[in-house]
$ cat final.cif   # mmCIF, C-alpha atoms
data_target
loop_
_atom_site.group_PDB
_atom_site.id
_atom_site.type_symbol
_atom_site.label_atom_id
_atom_site.label_comp_id
_atom_site.auth_asym_id
_atom_site.auth_seq_id
_atom_site.Cartn_x
_atom_site.Cartn_y
_atom_site.Cartn_z
ATOM 1 C CA MET A 1 6.173 6.002 -8.029
ATOM 2 C CA TRP A 2 6.722 4.740 -4.477
ATOM 3 C CA ALA A 3 4.777 7.708 -3.122
ATOM 4 C CA TRP A 4 1.605 6.040 -4.388
ATOM 5 C CA ALA A 5 2.119 2.711 -2.588
ATOM 6 C CA PRO A 6 0.647 3.806 0.790
ATOM 7 C CA PRO A 7 -2.550 5.373 -0.618
ATOM 8 C CA ALA A 8 -3.004 2.382 -2.941
ATOM 9 C CA ALA A 9 -2.707 0.006 0.016
ATOM 10 C CA VAL A 10 -5.281 1.958 2.046
ATOM 11 C CA ALA A 11 -7.659 2.150 -0.944
ATOM 12 C CA LEU A 12 -7.373 -1.627 -1.395
ATOM 13 C CA CYS A 13 -8.083 -2.176 2.312
ATOM 14 C CA ILE A 14 -11.188 0.007 2.081
ATOM 15 C CA PHE A 15 -12.353 -1.903 -0.992
ATOM 16 C CA GLY A 16 -11.693 -5.227 0.719
ATOM 17 C CA LEU A 17 -13.642 -4.266 3.829
ATOM 18 C CA SER A 18 -16.478 -2.944 1.677
ATOM 19 C CA SER A 19 -16.636 -6.291 -0.093
ATOM 20 C CA LEU A 20 -17.379 -8.220 3.098
ATOM 21 C CA PRO A 21 -21.023 -9.133 3.647
ATOM 22 C CA GLY A 22 -22.699 -6.959 6.268
ATOM 23 C CA THR A 23 -23.210 -9.896 8.631
ATOM 24 C CA THR A 24 -19.433 -10.257 9.145
ATOM 25 C CA LEU A 25 -19.023 -6.686 10.430
ATOM 26 C CA ARG A 26 -21.511 -6.629 13.310
ATOM 27 C CA TYR A 27 -19.154 -5.567 16.125
ATOM 28 C CA GLU A 28 -20.605 -2.355 17.448
ATOM 29 C CA PHE A 29 -19.101 -0.909 20.605
ATOM 30 C CA PHE A 30 -20.789 2.506 20.426
ATOM 31 C CA ALA A 31 -23.227 4.450 18.280
ATOM 32 C CA TRP A 32 -21.781 5.962 15.095
ATOM 33 C CA GLN A 33 -18.815 3.597 15.192
ATOM 34 C CA ASP A 34 -19.098 2.989 11.460
ATOM 35 C CA LYS A 35 -19.086 6.741 10.752
ATOM 36 C CA LEU A 36 -15.922 7.144 12.813
ATOM 37 C CA ALA A 37 -14.328 4.297 10.843
ATOM 38 C CA HIS A 38 -15.268 6.032 7.568
ATOM 39 C CA PHE A 39 -13.931 9.355 8.878
ATOM 40 C CA LEU A 40 -10.591 7.843 9.886
ATOM 41 C CA ALA A 41 -10.108 5.604 6.838
ATOM 42 C CA TYR A 42 -10.867 8.315 4.299
ATOM 43 C CA GLY A 43 -8.909 10.850 6.311
ATOM 44 C CA LEU A 44 -5.856 8.612 6.171
ATOM 45 C CA LEU A 45 -6.394 7.956 2.469
ATOM 46 C CA ALA A 46 -6.785 11.678 1.721
ATOM 47 C CA PHE A 47 -3.652 12.600 3.687
ATOM 48 C CA LEU A 48 -1.582 9.950 1.914
ATOM 49 C CA THR A 49 -3.017 10.927 -1.467
ATOM 50 C CA ALA A 50 -2.200 14.614 -0.933
ATOM 51 C CA ARG A 51 1.310 13.617 0.116
ATOM 52 C CA ALA A 52 1.695 11.418 -2.972
ATOM 53 C CA PHE A 53 0.608 14.261 -5.265
ATOM 54 C CA ARG A 54 3.136 16.564 -3.604
ATOM 55 C CA ARG A 55 5.972 14.063 -3.952
ATOM 56 C CA SER A 56 5.198 12.850 -7.457
ATOM 57 C CA ARG A 57 3.891 16.032 -9.078
ATOM 58 C CA GLY A 58 5.416 18.773 -6.933
ATOM 59 C CA TRP A 59 2.090 20.580 -6.700
ATOM 60 C CA ARG A 60 1.358 23.244 -4.108
ATOM 61 C CA ALA A 61 -0.121 21.941 -0.853
ATOM 62 C CA LEU A 62 -3.526 23.538 -1.432
ATOM 63 C CA THR A 63 -3.794 21.972 -4.890
ATOM 64 C CA CYS A 64 -2.815 18.568 -3.522
ATOM 65 C CA ALA A 65 -5.419 18.858 -0.765
ATOM 66 C CA ALA A 66 -8.179 19.997 -3.122
ATOM 67 C CA VAL A 67 -7.564 17.200 -5.617
ATOM 68 C CA ALA A 68 -7.260 14.609 -2.847
ATOM 69 C CA SER A 69 -10.554 15.773 -1.275
ATOM 70 C CA ALA A 70 -12.354 15.590 -4.612
ATOM 71 C CA LEU A 71 -10.986 12.103 -5.217
ATOM 72 C CA MET A 72 -12.115 10.986 -1.757
ATOM 73 C CA LEU A 73 -15.637 12.210 -2.467
ATOM 74 C CA ALA A 74 -15.675 10.268 -5.743
ATOM 75 C CA TYR A 75 -14.177 7.150 -4.139
ATOM 76 C CA GLY A 76 -16.660 7.365 -1.277
ATOM 77 C CA VAL A 77 -19.609 7.537 -3.674
ATOM 78 C CA LEU A 78 -18.224 4.643 -5.724
ATOM 79 C CA ASP A 79 -17.664 2.672 -2.514
ATOM 80 C CA GLU A 80 -21.306 3.114 -1.525
ATOM 81 C CA ILE A 81 -22.458 2.056 -4.995
ATOM 82 C CA HIS A 82 -20.201 -0.993 -4.699
ATOM 83 C CA GLN A 83 -21.724 -1.833 -1.303
ATOM 84 C CA SER A 84 -25.200 -1.888 -2.836
ATOM 85 C CA PHE A 85 -24.117 -5.108 -4.612
ATOM 86 C CA VAL A 86 -22.684 -6.757 -1.464
ATOM 87 C CA PRO A 87 -25.030 -9.008 0.557
ATOM 88 C CA TYR A 88 -26.507 -7.345 3.650
ATOM 89 C CA ARG A 89 -24.873 -3.987 2.842
ATOM 90 C CA ASN A 90 -26.665 -0.809 1.889
ATOM 91 C CA PRO A 91 -25.424 2.505 0.521
ATOM 92 C CA ASP A 92 -25.616 5.336 3.053
ATOM 93 C CA VAL A 93 -25.351 9.067 2.379
ATOM 94 C CA LEU A 94 -24.080 9.560 5.930
ATOM 95 C CA ASP A 95 -21.132 7.288 5.146
ATOM 96 C CA VAL A 96 -20.187 9.533 2.214
ATOM 97 C CA THR A 97 -20.591 12.539 4.516
ATOM 98 C CA ALA A 98 -18.231 10.940 7.052
ATOM 99 C CA ASP A 99 -15.797 10.098 4.226
ATOM 100 C CA LEU A 100 -15.737 13.699 3.031
ATOM 101 C CA ALA A 101 -15.481 15.096 6.561
ATOM 102 C CA GLY A 102 -12.471 12.867 7.254
ATOM 103 C CA ALA A 103 -10.881 13.829 3.945
ATOM 104 C CA LEU A 104 -11.372 17.561 4.507
ATOM 105 C CA THR A 105 -10.044 17.354 8.061
ATOM 106 C CA ALA A 106 -6.976 15.386 6.981
ATOM 107 C CA CYS A 107 -6.346 17.701 4.044
ATOM 108 C CA GLY A 108 -6.561 20.698 6.355
ATOM 109 C CA LEU A 109 -3.940 19.046 8.533
ATOM 110 C CA TRP A 110 -1.935 18.292 5.386
ATOM 111 C CA ILE A 111 -1.917 21.977 4.394
ATOM 112 C CA VAL A 112 -0.730 23.016 7.855
ATOM 113 C CA LEU A 113 2.041 20.414 7.942
ATOM 114 C CA ALA A 114 3.156 21.103 4.363
ATOM 115 C CA GLY A 115 3.354 24.818 5.115
ATOM 116 C CA ARG A 116 5.386 24.133 8.230
ATOM 117 C CA GLU A 117 7.722 21.856 6.265
ATOM 118 C CA ARG A 118 8.164 24.564 3.627
ATOM 119 C CA ARG A 119 8.953 27.225 6.239
ATOM 120 C CA LEU A 120 11.491 24.939 7.891
ATOM 121 C CA ALA A 121 13.162 24.243 4.544
ATOM 122 C CA ARG A 122 13.417 27.970 3.760
ATOM 123 C CA SER A 123 14.982 28.785 7.134
ATOM 124 C CA ALA A 124 17.610 26.062 6.855
#
$ encode --input "final.cif" --output "structure tokens"
Amino acid sequence: MWAWAPPAAVALCIFGLSSLPGTTLRYEFFAWQDKLAHFLAYGLLAFLTARAFRRSRGWRALTCAAVASALMLAYGVLDEIHQSFVPYRNPDVLDVTADLAGALTACGLWIVLAGRERRLARSA
């Protein structure tokens, strides 16, 4: 149960930020800053989701990563649909692409770390 608290908190933060009107988020320090934010936020969410599946369900690391990546794609699409109803926000396919790229990268890292953890547990 507690394994799901961190991904739930990150998902709520993403939803909250997506609910802000576009005029409140106009701090741009470099080009593609918003894509980097999507990459990092969905990467963190995917990593925590894969970890939660592993802890709560005991699934293999690859299964956890695959399910987490699919969920991030769905959440990213739903997030963009949600943004179409927020003033001064528009849905963007590149945002979903950045979401999925972050999720896949984080899940790849998750698989490596979970495999390392498993090897360490076997050798102990």
$ axis_aligned_box --input "final.cif" --around "range 56-65 of chain A" --padding-each-side "5 Å" --output "AutoDock Vina command-line options"
--center_x 0.0 --center_y 18.2 --center_z -4.9 --size_x 20.8 --size_y 20.7 --size_z 18.3
$ residues_around --input "final.cif" --residues "range 106-122 of chain A" --least-positions-apart "5" --cutoff "7 Å" --atoms "all atoms listed in the file" --output "ChimeraX atom specification"
/A:43-44,46-47,61-62,65
$ closest_residue --input "final.cif" --among "A:Leu20, A:Ala74, A:Val67, A:Leu36" --to "Leu94 in chain A" --atoms "only C-alpha atoms"
A:Leu36
$ residues_around --input "final.cif" --residues "Pro6 in chain A" --least-positions-apart "6" --cutoff "9 Å" --atoms "only C-alpha atoms" --output "MDAnalysis selection string"
chainID A and resid 45 48:49 52
$ resolve_selection --input "final.cif" --expression "the PyMOL selection byres ((chain A and resi 42) around 10)" --output "NGL selection string"
:A and (10-11 or 14 or 36-41 or 43-48 or 69 or 72-73 or 75-76 or 96 or 98-106)
$ closest_residue --input "final.cif" --among "A:Ala9, A:Ile81, A:Cys64, A:Lys35" --to "Asp95 in chain A" --atoms "only C-alpha atoms"
A:Lys35
$ closest_residue --input "final.cif" --among "A:Pro7, A:Pro21, A:Gly58, A:Pro87" --to "Leu71 in chain A" --atoms "all atoms listed in the file"
A:Pro7
$ residues_around --input "final.cif" --residues "Gln83 in chain A" --least-positions-apart "2" --cutoff "10 Å" --atoms "all atoms listed in the file" --output "VMD selection string"
chain A and resid 15 17 to 22 77 to 81 85 to 92
$ atom_distance --input "final.cif" --atom1 "CA of Thr63 in chain A" --atom2 "CA of Val93 in chain A"
26.2 Å
$ atom_distance --input "final.cif" --atom1 "CA of Gly16 in chain A" --atom2 "CA of Phe53 in chain A"
23.8 Å
$ atom_distance --input "final.cif" --atom1 "CA of Trp59 in chain A" --atom2 "CA of Leu12 in chain A"
24.7 Å
$ decode --input "final.cif" --residues "range 82-98 of chain A" --atoms "all heavy atoms" --output "tab-separated table (two decimals), in the first residue's frame"
chain	number	residue	atom	x	y	z
A	82	HIS	N	-6.54	16.88	-20.94
A	82	HIS	CA	-6.92	17.74	-19.82
A	82	HIS	C	-6.47	19.18	-20.08
A	82	HIS	O	-7.22	20.13	-19.84
A	82	HIS	CB	-6.31	17.19	-18.52
A	82	HIS	CG	-6.33	18.15	-17.39
A	82	HIS	ND1	-5.18	18.68	-16.85
A	82	HIS	CD2	-7.35	18.70	-16.68
A	82	HIS	CE1	-5.49	19.50	-15.87
A	82	HIS	NE2	-6.80	19.53	-15.74
A	83	GLN	N	-5.25	19.37	-20.58
A	83	GLN	CA	-4.73	20.70	-20.83
A	83	GLN	C	-5.52	21.45	-21.90
A	83	GLN	O	-5.52	22.68	-21.92
A	83	GLN	CB	-3.26	20.64	-21.24
A	83	GLN	CG	-2.34	20.36	-20.09
A	83	GLN	CD	-0.89	20.38	-20.50
A	83	GLN	OE1	-0.50	21.11	-21.40
A	83	GLN	NE2	-0.09	19.59	-19.83
A	84	SER	N	-6.19	20.72	-22.78
A	84	SER	CA	-6.98	21.39	-23.81
A	84	SER	C	-8.17	22.15	-23.21
A	84	SER	O	-8.74	23.02	-23.86
A	84	SER	CB	-7.46	20.39	-24.86
A	84	SER	OG	-8.45	19.54	-24.33
A	85	PHE	N	-8.52	21.84	-21.95
A	85	PHE	CA	-9.62	22.53	-21.28
A	85	PHE	C	-9.13	23.62	-20.32
A	85	PHE	O	-9.94	24.30	-19.69
A	85	PHE	CB	-10.46	21.52	-20.48
A	85	PHE	CG	-11.13	20.51	-21.35
A	85	PHE	CD1	-10.61	19.23	-21.48
A	85	PHE	CD2	-12.27	20.83	-22.08
A	85	PHE	CE1	-11.22	18.29	-22.29
A	85	PHE	CE2	-12.89	19.90	-22.89
A	85	PHE	CZ	-12.36	18.62	-23.01
A	86	VAL	N	-7.81	23.79	-20.20
A	86	VAL	CA	-7.23	24.78	-19.30
A	86	VAL	C	-6.93	26.04	-20.10
A	86	VAL	O	-6.36	25.96	-21.20
A	86	VAL	CB	-5.93	24.22	-18.64
A	86	VAL	CG1	-5.28	25.27	-17.76
A	86	VAL	CG2	-6.24	22.96	-17.84
A	87	PRO	N	-7.30	27.22	-19.58
A	87	PRO	CA	-7.05	28.46	-20.31
A	87	PRO	C	-5.57	28.64	-20.70
A	87	PRO	O	-4.68	28.40	-19.89
A	87	PRO	CB	-7.49	29.56	-19.33
A	87	PRO	CG	-8.44	28.87	-18.41
A	87	PRO	CD	-7.98	27.45	-18.31
A	88	TYR	N	-5.37	29.05	-21.93
A	88	TYR	CA	-4.04	29.34	-22.48
A	88	TYR	C	-3.11	28.13	-22.52
A	88	TYR	O	-1.88	28.28	-22.54
A	88	TYR	CB	-3.36	30.49	-21.72
A	88	TYR	CG	-4.23	31.70	-21.64
A	88	TYR	CD1	-4.83	32.07	-20.43
A	88	TYR	CD2	-4.48	32.48	-22.76
A	88	TYR	CE1	-5.64	33.18	-20.35
A	88	TYR	CE2	-5.29	33.60	-22.69
A	88	TYR	CZ	-5.87	33.94	-21.48
A	88	TYR	OH	-6.67	35.04	-21.41
A	89	ARG	N	-3.66	26.93	-22.51
A	89	ARG	CA	-2.88	25.71	-22.64
A	89	ARG	C	-3.36	24.97	-23.88
A	89	ARG	O	-4.55	25.00	-24.20
A	89	ARG	CB	-3.03	24.79	-21.42
A	89	ARG	CG	-2.62	25.39	-20.09
A	89	ARG	CD	-1.13	25.59	-19.95
A	89	ARG	NE	-0.37	24.38	-19.84
A	89	ARG	CZ	-0.01	23.81	-18.69
A	89	ARG	NH1	-0.39	24.32	-17.55
A	89	ARG	NH2	0.70	22.72	-18.70
A	90	ASN	N	-2.47	24.29	-24.53
A	90	ASN	CA	-2.80	23.53	-25.72
A	90	ASN	C	-2.18	22.15	-25.64
A	90	ASN	O	-1.06	22.00	-25.13
A	90	ASN	CB	-2.26	24.21	-26.99
A	90	ASN	CG	-2.87	25.57	-27.20
A	90	ASN	OD1	-4.06	25.74	-27.03
A	90	ASN	ND2	-2.05	26.54	-27.57
A	91	PRO	N	-2.86	21.14	-26.15
A	91	PRO	CA	-2.24	19.81	-26.20
A	91	PRO	C	-1.10	19.81	-27.21
A	91	PRO	O	-1.14	20.54	-28.20
A	91	PRO	CB	-3.38	18.89	-26.64
A	91	PRO	CG	-4.40	19.78	-27.24
A	91	PRO	CD	-4.23	21.14	-26.66
A	92	ASP	N	-0.07	19.02	-26.93
A	92	ASP	CA	1.11	18.99	-27.79
A	92	ASP	C	1.62	17.55	-27.89
A	92	ASP	O	1.93	16.93	-26.87
A	92	ASP	CB	2.19	19.89	-27.19
A	92	ASP	CG	3.40	20.07	-28.08
A	92	ASP	OD1	3.50	19.40	-29.13
A	92	ASP	OD2	4.27	20.88	-27.71
A	93	VAL	N	1.70	17.05	-29.10
A	93	VAL	CA	2.20	15.69	-29.33
A	93	VAL	C	3.64	15.56	-28.87
A	93	VAL	O	4.06	14.51	-28.37
A	93	VAL	CB	2.06	15.31	-30.82
A	93	VAL	CG1	2.74	14.00	-31.13
A	93	VAL	CG2	0.59	15.26	-31.22
A	94	LEU	N	4.42	16.63	-28.99
A	94	LEU	CA	5.81	16.57	-28.54
A	94	LEU	C	5.92	16.42	-27.02
A	94	LEU	O	6.89	15.85	-26.51
A	94	LEU	CB	6.59	17.80	-29.02
A	94	LEU	CG	6.82	17.87	-30.53
A	94	LEU	CD1	7.55	19.16	-30.89
A	94	LEU	CD2	7.59	16.66	-31.01
A	95	ASP	N	4.93	16.93	-26.30
A	95	ASP	CA	4.92	16.72	-24.84
A	95	ASP	C	4.73	15.23	-24.52
A	95	ASP	O	5.41	14.68	-23.66
A	95	ASP	CB	3.81	17.53	-24.18
A	95	ASP	CG	4.12	19.01	-24.09
A	95	ASP	OD1	5.28	19.39	-24.33
A	95	ASP	OD2	3.19	19.78	-23.77
A	96	VAL	N	3.81	14.59	-25.24
A	96	VAL	CA	3.59	13.15	-25.03
A	96	VAL	C	4.84	12.37	-25.41
A	96	VAL	O	5.22	11.41	-24.74
A	96	VAL	CB	2.36	12.65	-25.83
A	96	VAL	CG1	2.20	11.15	-25.70
A	96	VAL	CG2	1.11	13.36	-25.37
A	97	THR	N	5.51	12.82	-26.47
A	97	THR	CA	6.77	12.17	-26.88
A	97	THR	C	7.82	12.30	-25.78
A	97	THR	O	8.52	11.33	-25.46
A	97	THR	CB	7.28	12.78	-28.20
A	97	THR	OG1	6.25	12.67	-29.18
A	97	THR	CG2	8.53	12.09	-28.68
A	98	ALA	N	7.93	13.49	-25.20
A	98	ALA	CA	8.88	13.70	-24.10
A	98	ALA	C	8.49	12.87	-22.88
A	98	ALA	O	9.36	12.31	-22.19
A	98	ALA	CB	8.96	15.18	-23.74
